[in-house]
>>> print(open('work16.pdb').read())   # PDB, C-alpha atoms
ATOM      1  CA  ASP T   1     118.073 128.586 142.539  1.00  0.00           C
ATOM      2  CA  ILE T   2     120.437 126.012 141.055  1.00  0.00           C
ATOM      3  CA  PRO T   3     121.739 127.082 137.600  1.00  0.00           C
ATOM      4  CA  SER T   4     120.499 124.834 134.816  1.00  0.00           C
ATOM      5  CA  TRP T   5     124.015 124.471 133.334  1.00  0.00           C
ATOM      6  CA  TRP T   6     125.485 122.809 136.465  1.00  0.00           C
ATOM      7  CA  THR T   7     125.932 119.024 136.472  1.00  0.00           C
ATOM      8  CA  HIS T   8     122.778 117.433 137.909  1.00  0.00           C
ATOM      9  CA  ILE T   9     122.894 114.025 139.582  1.00  0.00           C
ATOM     10  CA  ALA T  10     120.534 111.745 141.469  1.00  0.00           C
ATOM     11  CA  GLY T  11     120.805 108.606 143.564  1.00  0.00           C
ATOM     12  CA  TRP T  12     118.130 105.921 143.878  1.00  0.00           C
ATOM     13  CA  ASP T  13     118.028 103.312 146.658  1.00  0.00           C
ATOM     14  CA  HIS T  14     114.933 101.200 146.068  1.00  0.00           C
ATOM     15  CA  GLY T  15     113.150  99.569 148.971  1.00  0.00           C
ATOM     16  CA  ALA T  16     110.651  96.745 148.838  1.00  0.00           C
ATOM     17  CA  ASN T  17     109.523  96.992 152.447  1.00  0.00           C
ATOM     18  CA  ASP T  18     111.972  99.718 153.442  1.00  0.00           C
ATOM     19  CA  PRO T  19     111.587 103.269 152.141  1.00  0.00           C
ATOM     20  CA  THR T  20     112.737 104.094 148.638  1.00  0.00           C
ATOM     21  CA  SER T  21     115.207 106.958 148.887  1.00  0.00           C
ATOM     22  CA  ILE T  22     115.943 109.271 145.960  1.00  0.00           C
ATOM     23  CA  HIS T  23     117.984 112.448 146.176  1.00  0.00           C
ATOM     24  CA  CYS T  24     118.762 115.118 143.590  1.00  0.00           C
ATOM     25  CA  GLY T  25     121.912 117.183 143.711  1.00  0.00           C
ATOM     26  CA  SER T  26     123.971 119.472 141.526  1.00  0.00           C
ATOM     27  CA  ILE T  27     127.706 119.982 141.087  1.00  0.00           C
ATOM     28  CA  ASN T  28     129.119 123.456 140.490  1.00  0.00           C
ATOM     29  CA  PRO T  29     132.266 124.203 138.448  1.00  0.00           C
ATOM     30  CA  ASP T  30     134.452 123.990 141.566  1.00  0.00           C
ATOM     31  CA  GLY T  31     133.233 120.471 142.379  1.00  0.00           C
ATOM     32  CA  HIS T  32     130.969 121.423 145.281  1.00  0.00           C
ATOM     33  CA  VAL T  33     127.874 119.210 145.547  1.00  0.00           C
ATOM     34  CA  TYR T  34     124.527 120.691 146.589  1.00  0.00           C
ATOM     35  CA  TRP T  35     121.720 118.305 147.594  1.00  0.00           C
ATOM     36  CA  TRP T  36     118.376 120.028 147.113  1.00  0.00           C
ATOM     37  CA  GLY T  37     115.660 117.426 146.444  1.00  0.00           C
ATOM     38  CA  GLU T  38     114.392 114.370 148.317  1.00  0.00           C
ATOM     39  CA  ILE T  39     111.890 111.567 147.780  1.00  0.00           C
ATOM     40  CA  TYR T  40     111.637 109.257 150.789  1.00  0.00           C
ATOM     41  CA  THR T  41     108.558 107.074 150.941  1.00  0.00           C
ATOM     42  CA  THR T  42     107.109 103.588 150.443  1.00  0.00           C
ATOM     43  CA  GLY T  43     104.354 101.887 148.492  1.00  0.00           C
ATOM     44  CA  LYS T  44     104.958 103.310 145.014  1.00  0.00           C
ATOM     45  CA  THR T  45     105.764 101.578 141.741  1.00  0.00           C
ATOM     46  CA  VAL T  46     108.974 102.246 139.838  1.00  0.00           C
ATOM     47  CA  ARG T  47     106.938 104.228 137.316  1.00  0.00           C
ATOM     48  CA  GLN T  48     105.399 106.359 140.057  1.00  0.00           C
ATOM     49  CA  TYR T  49     108.788 107.061 141.610  1.00  0.00           C
ATOM     50  CA  SER T  50     110.139 107.937 138.175  1.00  0.00           C
ATOM     51  CA  LEU T  51     107.350 110.469 137.629  1.00  0.00           C
ATOM     52  CA  MET T  52     107.987 111.963 141.073  1.00  0.00           C
ATOM     53  CA  LEU T  53     111.665 112.327 140.190  1.00  0.00           C
ATOM     54  CA  GLU T  54     110.817 113.967 136.849  1.00  0.00           C
ATOM     55  CA  THR T  55     108.552 116.450 138.624  1.00  0.00           C
ATOM     56  CA  MET T  56     111.224 117.269 141.175  1.00  0.00           C
ATOM     57  CA  LEU T  57     113.836 117.920 138.480  1.00  0.00           C
ATOM     58  CA  ARG T  58     111.639 120.580 136.816  1.00  0.00           C
ATOM     59  CA  GLY T  59     113.325 120.216 133.470  1.00  0.00           C
ATOM     60  CA  LYS T  60     116.900 119.837 134.697  1.00  0.00           C
ATOM     61  CA  GLY T  61     118.699 117.160 132.695  1.00  0.00           C
ATOM     62  CA  LEU T  62     120.328 114.403 134.721  1.00  0.00           C
ATOM     63  CA  THR T  63     123.918 113.496 133.950  1.00  0.00           C
ATOM     64  CA  VAL T  64     123.834 110.552 136.350  1.00  0.00           C
ATOM     65  CA  LEU T  65     121.150 108.485 138.054  1.00  0.00           C
ATOM     66  CA  GLY T  66     123.134 106.212 140.353  1.00  0.00           C
ATOM     67  CA  THR T  67     121.505 103.009 141.531  1.00  0.00           C
ATOM     68  CA  ASP T  68     122.267 100.042 143.753  1.00  0.00           C
ATOM     69  CA  PRO T  69     124.507  97.612 141.796  1.00  0.00           C
ATOM     70  CA  SER T  70     122.400  94.708 143.063  1.00  0.00           C
ATOM     71  CA  ALA T  71     119.075  96.250 141.948  1.00  0.00           C
ATOM     72  CA  LYS T  72     119.072  94.759 138.444  1.00  0.00           C
ATOM     73  CA  GLN T  73     115.270  94.505 138.192  1.00  0.00           C
ATOM     74  CA  ILE T  74     114.860  98.182 139.079  1.00  0.00           C
ATOM     75  CA  ARG T  75     117.293  99.165 136.335  1.00  0.00           C
ATOM     76  CA  ILE T  76     115.407  96.984 133.854  1.00  0.00           C
ATOM     77  CA  GLU T  77     112.098  98.648 134.762  1.00  0.00           C
ATOM     78  CA  LEU T  78     113.625 102.114 134.541  1.00  0.00           C
ATOM     79  CA  ALA T  79     115.161 101.286 131.169  1.00  0.00           C
ATOM     80  CA  ALA T  80     111.714 100.227 129.930  1.00  0.00           C
ATOM     81  CA  LEU T  81     110.527 103.723 130.902  1.00  0.00           C
ATOM     82  CA  GLY T  82     113.382 105.300 128.965  1.00  0.00           C
ATOM     83  CA  VAL T  83     115.379 106.199 132.064  1.00  0.00           C
ATOM     84  CA  THR T  84     119.138 105.622 131.876  1.00  0.00           C
ATOM     85  CA  THR T  85     120.877 104.523 135.063  1.00  0.00           C
ATOM     86  CA  THR T  86     124.446 103.965 136.185  1.00  0.00           C
ATOM     87  CA  ILE T  87     126.105 101.973 138.945  1.00  0.00           C
ATOM     88  CA  PRO T  88     129.034 103.058 141.124  1.00  0.00           C
ATOM     89  CA  ARG T  89     132.523 102.430 139.808  1.00  0.00           C
ATOM     90  CA  ASP T  90     133.369 101.007 143.244  1.00  0.00           C
ATOM     91  CA  LYS T  91     130.594  98.848 144.675  1.00  0.00           C
ATOM     92  CA  GLN T  92     131.866  98.715 148.271  1.00  0.00           C
ATOM     93  CA  VAL T  93     129.797 100.594 150.861  1.00  0.00           C
ATOM     94  CA  GLU T  94     133.022 101.731 152.531  1.00  0.00           C
ATOM     95  CA  SER T  95     134.032 103.547 149.340  1.00  0.00           C
ATOM     96  CA  ARG T  96     130.747 105.454 149.290  1.00  0.00           C
ATOM     97  CA  ILE T  97     131.157 106.521 152.910  1.00  0.00           C
ATOM     98  CA  ILE T  98     134.778 107.531 152.389  1.00  0.00           C
ATOM     99  CA  ARG T  99     133.776 109.724 149.429  1.00  0.00           C
ATOM    100  CA  ILE T 100     130.948 111.373 151.376  1.00  0.00           C
ATOM    101  CA  THR T 101     133.244 111.946 154.360  1.00  0.00           C
ATOM    102  CA  GLU T 102     135.919 113.425 152.109  1.00  0.00           C
ATOM    103  CA  LEU T 103     133.496 115.960 150.642  1.00  0.00           C
ATOM    104  CA  LEU T 104     132.149 116.890 154.077  1.00  0.00           C
ATOM    105  CA  ASN T 105     135.628 117.359 155.535  1.00  0.00           C
ATOM    106  CA  LEU T 106     136.562 119.601 152.601  1.00  0.00           C
ATOM    107  CA  ASP T 107     133.325 121.568 153.055  1.00  0.00           C
ATOM    108  CA  MET T 108     132.391 120.622 149.495  1.00  0.00           C
ATOM    109  CA  MET T 109     129.024 118.982 150.189  1.00  0.00           C
ATOM    110  CA  HIS T 110     126.045 121.128 151.112  1.00  0.00           C
ATOM    111  CA  LEU T 111     122.408 120.432 151.998  1.00  0.00           C
ATOM    112  CA  PHE T 112     119.602 122.847 151.221  1.00  0.00           C
ATOM    113  CA  GLU T 113     117.968 123.607 154.550  1.00  0.00           C
ATOM    114  CA  GLY T 114     114.631 121.860 154.972  1.00  0.00           C
ATOM    115  CA  ARG T 115     114.758 120.231 151.544  1.00  0.00           C
ATOM    116  CA  VAL T 116     116.481 116.918 152.389  1.00  0.00           C
ATOM    117  CA  PRO T 117     115.498 116.117 156.000  1.00  0.00           C
ATOM    118  CA  HIS T 118     116.102 112.352 155.899  1.00  0.00           C
ATOM    119  CA  LEU T 119     119.524 112.789 154.339  1.00  0.00           C
ATOM    120  CA  GLU T 120     120.478 115.390 156.920  1.00  0.00           C
ATOM    121  CA  ALA T 121     119.332 113.192 159.817  1.00  0.00           C
ATOM    122  CA  GLN T 122     121.096 110.086 158.532  1.00  0.00           C
ATOM    123  CA  LEU T 123     124.376 111.888 157.925  1.00  0.00           C
ATOM    124  CA  GLU T 124     124.286 113.207 161.488  1.00  0.00           C
ATOM    125  CA  SER T 125     123.533 109.813 163.019  1.00  0.00           C
ATOM    126  CA  TYR T 126     125.728 107.583 160.812  1.00  0.00           C
ATOM    127  CA  GLU T 127     128.054 105.328 162.797  1.00  0.00           C
ATOM    128  CA  TRP T 128     130.894 102.910 162.163  1.00  0.00           C
ATOM    129  CA  ASP T 129     130.868  99.492 163.854  1.00  0.00           C
ATOM    130  CA  GLU T 130     132.993  99.627 167.009  1.00  0.00           C
ATOM    131  CA  ASN T 131     133.448  95.855 166.922  1.00  0.00           C
ATOM    132  CA  ASP T 132     134.354  95.707 163.246  1.00  0.00           C
ATOM    133  CA  PRO T 133     136.639  98.645 162.377  1.00  0.00           C
ATOM    134  CA  GLY T 134     136.170 100.054 158.897  1.00  0.00           C
ATOM    135  CA  LYS T 135     132.631  98.705 158.572  1.00  0.00           C
ATOM    136  CA  PRO T 136     129.352 100.643 158.987  1.00  0.00           C
ATOM    137  CA  ARG T 137     127.213  99.680 161.971  1.00  0.00           C
ATOM    138  CA  ALA T 138     124.612  97.141 160.859  1.00  0.00           C
ATOM    139  CA  GLY T 139     120.911  97.909 161.199  1.00  0.00           C
ATOM    140  CA  GLN T 140     121.085 101.694 161.073  1.00  0.00           C
ATOM    141  CA  GLU T 141     118.795 103.670 158.775  1.00  0.00           C
ATOM    142  CA  ASP T 142     121.063 104.630 155.905  1.00  0.00           C
ATOM    143  CA  HIS T 143     119.020 104.528 152.689  1.00  0.00           C
ATOM    144  CA  ALA T 144     119.610 108.221 151.997  1.00  0.00           C
ATOM    145  CA  VAL T 145     123.337 107.887 152.599  1.00  0.00           C
ATOM    146  CA  ASP T 146     123.413 104.899 150.267  1.00  0.00           C
ATOM    147  CA  ASP T 147     121.640 106.630 147.405  1.00  0.00           C
ATOM    148  CA  ILE T 148     123.849 109.718 147.371  1.00  0.00           C
ATOM    149  CA  GLY T 149     126.838 107.376 147.511  1.00  0.00           C
ATOM    150  CA  TYR T 150     125.632 105.648 144.341  1.00  0.00           C
ATOM    151  CA  ALA T 151     125.403 109.033 142.624  1.00  0.00           C
ATOM    152  CA  LEU T 152     128.749 110.350 143.851  1.00  0.00           C
ATOM    153  CA  LEU T 153     130.661 107.287 142.641  1.00  0.00           C
ATOM    154  CA  SER T 154     129.007 107.112 139.224  1.00  0.00           C
ATOM    155  CA  GLY T 155     131.510 109.309 137.399  1.00  0.00           C
ATOM    156  CA  ALA T 156     129.751 112.681 137.124  1.00  0.00           C
ATOM    157  CA  GLN T 157     132.135 115.590 136.522  1.00  0.00           C
ATOM    158  CA  PRO T 158     131.831 119.304 137.370  1.00  0.00           C
ATOM    159  CA  PRO T 159     130.531 121.467 134.517  1.00  0.00           C
ATOM    160  CA  GLN T 160     132.615 123.867 132.513  1.00  0.00           C
ATOM    161  CA  VAL T 161     132.230 127.580 133.129  1.00  0.00           C
ATOM    162  CA  ASP T 162     128.878 129.292 132.549  1.00  0.00           C
ATOM    163  CA  PRO T 163     128.273 129.291 128.774  1.00  0.00           C
ATOM    164  CA  GLY T 164     126.231 132.470 129.133  1.00  0.00           C
ATOM    165  CA  ASP T 165     128.972 134.464 130.858  1.00  0.00           C
ATOM    166  CA  PRO T 166     130.514 136.943 128.362  1.00  0.00           C
ATOM    167  CA  ASP T 167     133.722 137.137 130.379  1.00  0.00           C
ATOM    168  CA  THR T 168     134.619 133.439 130.302  1.00  0.00           C
ATOM    169  CA  VAL T 169     135.860 131.199 127.520  1.00  0.00           C
ATOM    170  CA  LEU T 170     134.289 127.805 126.894  1.00  0.00           C
ATOM    171  CA  GLY T 171     136.698 124.996 127.649  1.00  0.00           C
ATOM    172  CA  GLU T 172     138.745 126.783 130.285  1.00  0.00           C
ATOM    173  CA  THR T 173     138.884 125.447 133.816  1.00  0.00           C
ATOM    174  CA  PRO T 174     137.154 127.205 136.734  1.00  0.00           C
ATOM    175  CA  GLN T 175     140.602 128.231 138.011  1.00  0.00           C
ATOM    176  CA  GLN T 176     141.449 129.835 134.656  1.00  0.00           C
ATOM    177  CA  ALA T 177     138.066 131.547 134.603  1.00  0.00           C
ATOM    178  CA  ARG T 178     138.645 133.065 138.038  1.00  0.00           C
ATOM    179  CA  MET T 179     142.111 134.237 137.012  1.00  0.00           C
ATOM    180  CA  TRP T 180     141.101 135.996 133.782  1.00  0.00           C
ATOM    181  CA  ARG T 181     137.436 136.898 134.239  1.00  0.00           C
ATOM    182  CA  GLY T 182     138.101 140.180 136.055  1.00  0.00           C
ATOM    183  CA  LEU T 183     140.506 141.427 133.388  1.00  0.00           C
ATOM    184  CA  ARG T 184     138.186 140.418 130.557  1.00  0.00           C
ATOM    185  CA  LYS T 185     135.257 142.148 132.246  1.00  0.00           C
ATOM    186  CA  ARG T 186     137.213 145.374 132.720  1.00  0.00           C
ATOM    187  CA  MET T 187     138.408 145.362 129.107  1.00  0.00           C
ATOM    188  CA  ARG T 188     134.909 144.603 127.832  1.00  0.00           C
ATOM    189  CA  GLU T 189     133.403 147.431 129.880  1.00  0.00           C
ATOM    190  CA  GLU T 190     136.076 149.850 128.628  1.00  0.00           C
ATOM    191  CA  ASP T 191     135.372 148.815 125.034  1.00  0.00           C
ATOM    192  CA  GLU T 192     131.625 149.238 125.564  1.00  0.00           C
ATOM    193  CA  GLU T 193     132.139 152.664 127.142  1.00  0.00           C
ATOM    194  CA  LYS T 194     134.385 153.727 124.250  1.00  0.00           C
ATOM    195  CA  ALA T 195     131.891 152.459 121.675  1.00  0.00           C
ATOM    196  CA  GLY T 196     129.106 154.293 123.503  1.00  0.00           C
ATOM    197  CA  SER T 197     131.065 157.552 123.485  1.00  0.00           C
ATOM    198  CA  GLU T 198     131.790 157.215 119.777  1.00  0.00           C
ATOM    199  CA  LEU T 199     128.118 156.554 119.095  1.00  0.00           C
ATOM    200  CA  LEU T 200     127.080 159.657 121.033  1.00  0.00           C
ATOM    201  CA  SER T 201     129.648 161.679 119.122  1.00  0.00           C
ATOM    202  CA  VAL T 202     128.252 160.473 115.805  1.00  0.00           C
ATOM    203  CA  LEU T 203     124.695 161.221 116.905  1.00  0.00           C
ATOM    204  CA  ASP T 204     125.682 164.721 118.003  1.00  0.00           C
ATOM    205  CA  ASP T 205     126.971 165.505 114.511  1.00  0.00           C
ATOM    206  CA  ASP T 206     124.093 166.477 112.215  1.00  0.00           C
ATOM    207  CA  PRO T 207     125.133 165.703 108.637  1.00  0.00           C
ATOM    208  CA  PHE T 208     122.300 167.902 107.358  1.00  0.00           C
ATOM    209  CA  GLU T 209     123.207 170.924 109.430  1.00  0.00           C
ATOM    210  CA  GLU T 210     123.734 173.929 107.165  1.00  0.00           C
ATOM    211  CA  GLN T 211     127.276 175.108 106.930  1.00  0.00           C
ATOM    212  CA  THR T 212     127.758 178.776 107.638  1.00  0.00           C
ATOM    213  CA  HIS T 213     130.553 180.441 105.791  1.00  0.00           C
ATOM    214  CA  VAL T 214     132.178 183.657 106.898  1.00  0.00           C
TER     215      VAL T 214
END
>>> encode(input="work16.pdb", output="structure tokens")
Amino acid sequence: DIPSWWTHIAGWDHGANDPTSIHCGSINPDGHVYWWGEIYTTGKTVRQYSLMLETMLRGKGLTVLGTDPSAKQIRIELAALGVTTTIPRDKQVESRIIRITELLNLDMMHLFEGRVPHLEAQLESYEWDENDPGKPRAGQEDHAVDDIGYALLSGAQPPQVDPGDPDTVLGETPQQARMWRGLRKRMREEDEEKAGSELLSVLDDDPFEEQTHV
């Protein structure tokens, strides 16, 4: 399962007649993004979609809920429900696609098998316009691609190292953690073994044992 301390993000592409597409993902300390939850349907109110998203998160706190920059009314309705949203730093669709492509090429974006079928299908079928280089082909189904693009460009950062790991130090980078974790673990285990031996030695000594004198 996804650790609760990772950075959790979601994208929301609202459709009036088209499907509303919402995806949940999580970022690990190395910056890899894992998409694990999908809502892709029509005919619901903003409140209903919000409740579906809350259920899907199962208590995970969202760092970012990225939305379409043009969907002002949706953001107003979500705000009325107490849901904070963000918009991409760069509003151009090309920027979203470039970011997604970059992560895929670096093998830093992953889809949980069977959990995000519409996103998987749309990523596989996405096309650029042959007659208009640098532009996506018009008319293709891309709501899922859009919503994860909103999330990815909304400024979420990878988390720090696991706060529950006794062999890492809060505030250090993942690279520093990888470098020093092994040494810290070995030293900690040696200290624990030494402390255990000393404890056994103390327990073996009976302070009330009668002294025999020759």
>>> resolve_selection(input="work16.pdb", expression="the PyMOL selection byres ((chain T and resi 149) around 9)", output="PDB file with C-alpha atoms, keeping the file's coordinate frame")
ATOM      1  CA  GLY T  11     120.805 108.606 143.564  1.00  0.00           C
ATOM      2  CA  GLY T  66     123.134 106.212 140.353  1.00  0.00           C
ATOM      3  CA  PRO T  88     129.034 103.058 141.124  1.00  0.00           C
ATOM      4  CA  VAL T  93     129.797 100.594 150.861  1.00  0.00           C
ATOM      5  CA  SER T  95     134.032 103.547 149.340  1.00  0.00           C
ATOM      6  CA  ARG T  96     130.747 105.454 149.290  1.00  0.00           C
ATOM      7  CA  ILE T  97     131.157 106.521 152.910  1.00  0.00           C
ATOM      8  CA  ARG T  99     133.776 109.724 149.429  1.00  0.00           C
ATOM      9  CA  ILE T 100     130.948 111.373 151.376  1.00  0.00           C
ATOM     10  CA  ALA T 144     119.610 108.221 151.997  1.00  0.00           C
ATOM     11  CA  VAL T 145     123.337 107.887 152.599  1.00  0.00           C
ATOM     12  CA  ASP T 146     123.413 104.899 150.267  1.00  0.00           C
ATOM     13  CA  ASP T 147     121.640 106.630 147.405  1.00  0.00           C
ATOM     14  CA  ILE T 148     123.849 109.718 147.371  1.00  0.00           C
ATOM     15  CA  TYR T 150     125.632 105.648 144.341  1.00  0.00           C
ATOM     16  CA  ALA T 151     125.403 109.033 142.624  1.00  0.00           C
ATOM     17  CA  LEU T 152     128.749 110.350 143.851  1.00  0.00           C
ATOM     18  CA  LEU T 153     130.661 107.287 142.641  1.00  0.00           C
ATOM     19  CA  SER T 154     129.007 107.112 139.224  1.00  0.00           C
TER      20      SER T 154
END
>>> atom_distance(input="work16.pdb", atom1="CA of Thr41 in chain T", atom2="CA of Gly15 in chain T")
9.0 Å
>>> atom_distance(input="work16.pdb", atom1="CA of Glu94 in chain T", atom2="CA of Arg137 in chain T")
11.3 Å
>>> resolve_selection(input="work16.pdb", expression="the PyMOL selection byres ((chain T and resi 33) around 9)", output="list of chain:residue names")
T:Gly25, T:Ser26, T:Ile27, T:Asn28, T:Gly31, T:His32, T:Tyr34, T:Trp35, T:Leu103, T:Met108, T:Met109, T:His110, T:Leu111
>>> closest_residue(input="work16.pdb", among="T:Phe112, T:Ser21, T:Glu189, T:Gln140", to="Ile2 in chain T", atoms="all atoms listed in the file")
T:Phe112
>>> atom_distance(input="work16.pdb", atom1="CA of Leu65 in chain T", atom2="CA of Asp142 in chain T")
18.3 Å
>>> closest_residue(input="work16.pdb", among="T:Leu51, T:Met187, T:Leu123, T:Ile22", to="Leu81 in chain T", atoms="only C-alpha atoms")
T:Leu51
>>> closest_residue(input="work16.pdb", among="T:Thr42, T:Thr86, T:Gln122, T:Ser70", to="Ala156 in chain T", atoms="all atoms listed in the file")
T:Thr86
>>> residues_near_point(input="work16.pdb", point="(120.1, 104.6, 135.8)", cutoff="10 Å", atoms="only C-alpha atoms", output="PyMOL selection string")
chain T and resi 10-12+62-68+74-76+78-79+82-87+151+154
>>> residues_near_point(input="work16.pdb", point="(121.4, 117.2, 132.4)", cutoff="9 Å", atoms="all atoms listed in the file", output="PDB file with C-alpha atoms, in the coordinates of the input")
ATOM      1  CA  SER T   4     120.499 124.834 134.816  1.00  0.00           C
ATOM      2  CA  TRP T   5     124.015 124.471 133.334  1.00  0.00           C
ATOM      3  CA  TRP T   6     125.485 122.809 136.465  1.00  0.00           C
ATOM      4  CA  THR T   7     125.932 119.024 136.472  1.00  0.00           C
ATOM      5  CA  HIS T   8     122.778 117.433 137.909  1.00  0.00           C
ATOM      6  CA  ILE T   9     122.894 114.025 139.582  1.00  0.00           C
ATOM      7  CA  GLY T  59     113.325 120.216 133.470  1.00  0.00           C
ATOM      8  CA  LYS T  60     116.900 119.837 134.697  1.00  0.00           C
ATOM      9  CA  GLY T  61     118.699 117.160 132.695  1.00  0.00           C
ATOM     10  CA  LEU T  62     120.328 114.403 134.721  1.00  0.00           C
ATOM     11  CA  THR T  63     123.918 113.496 133.950  1.00  0.00           C
ATOM     12  CA  VAL T  64     123.834 110.552 136.350  1.00  0.00           C
TER      13      VAL T  64
END
>>> axis_aligned_box(input="work16.pdb", around="range 45-52 of chain T", padding_each_side="6 Å", output="JSON")
{"center_x": 107.8, "center_y": 106.8, "center_z": 139.5, "size_x": 16.7, "size_y": 22.4, "size_z": 16.4}
>>> residues_around(input="work16.pdb", residues="Glu38 in chain T", least_positions_apart="4", cutoff="7 Å", atoms="all atoms listed in the file", output="JSON list (two decimals) with C-alpha atoms, keeping the file's coordinate frame")
[["chain", "number", "residue", "atom", "x", "y", "z"],
["T", 22, "ILE", "CA", 115.94, 109.27, 145.96],
["T", 23, "HIS", "CA", 117.98, 112.45, 146.18],
["T", 24, "CYS", "CA", 118.76, 115.12, 143.59],
["T", 115, "ARG", "CA", 114.76, 120.23, 151.54],
["T", 116, "VAL", "CA", 116.48, 116.92, 152.39]]
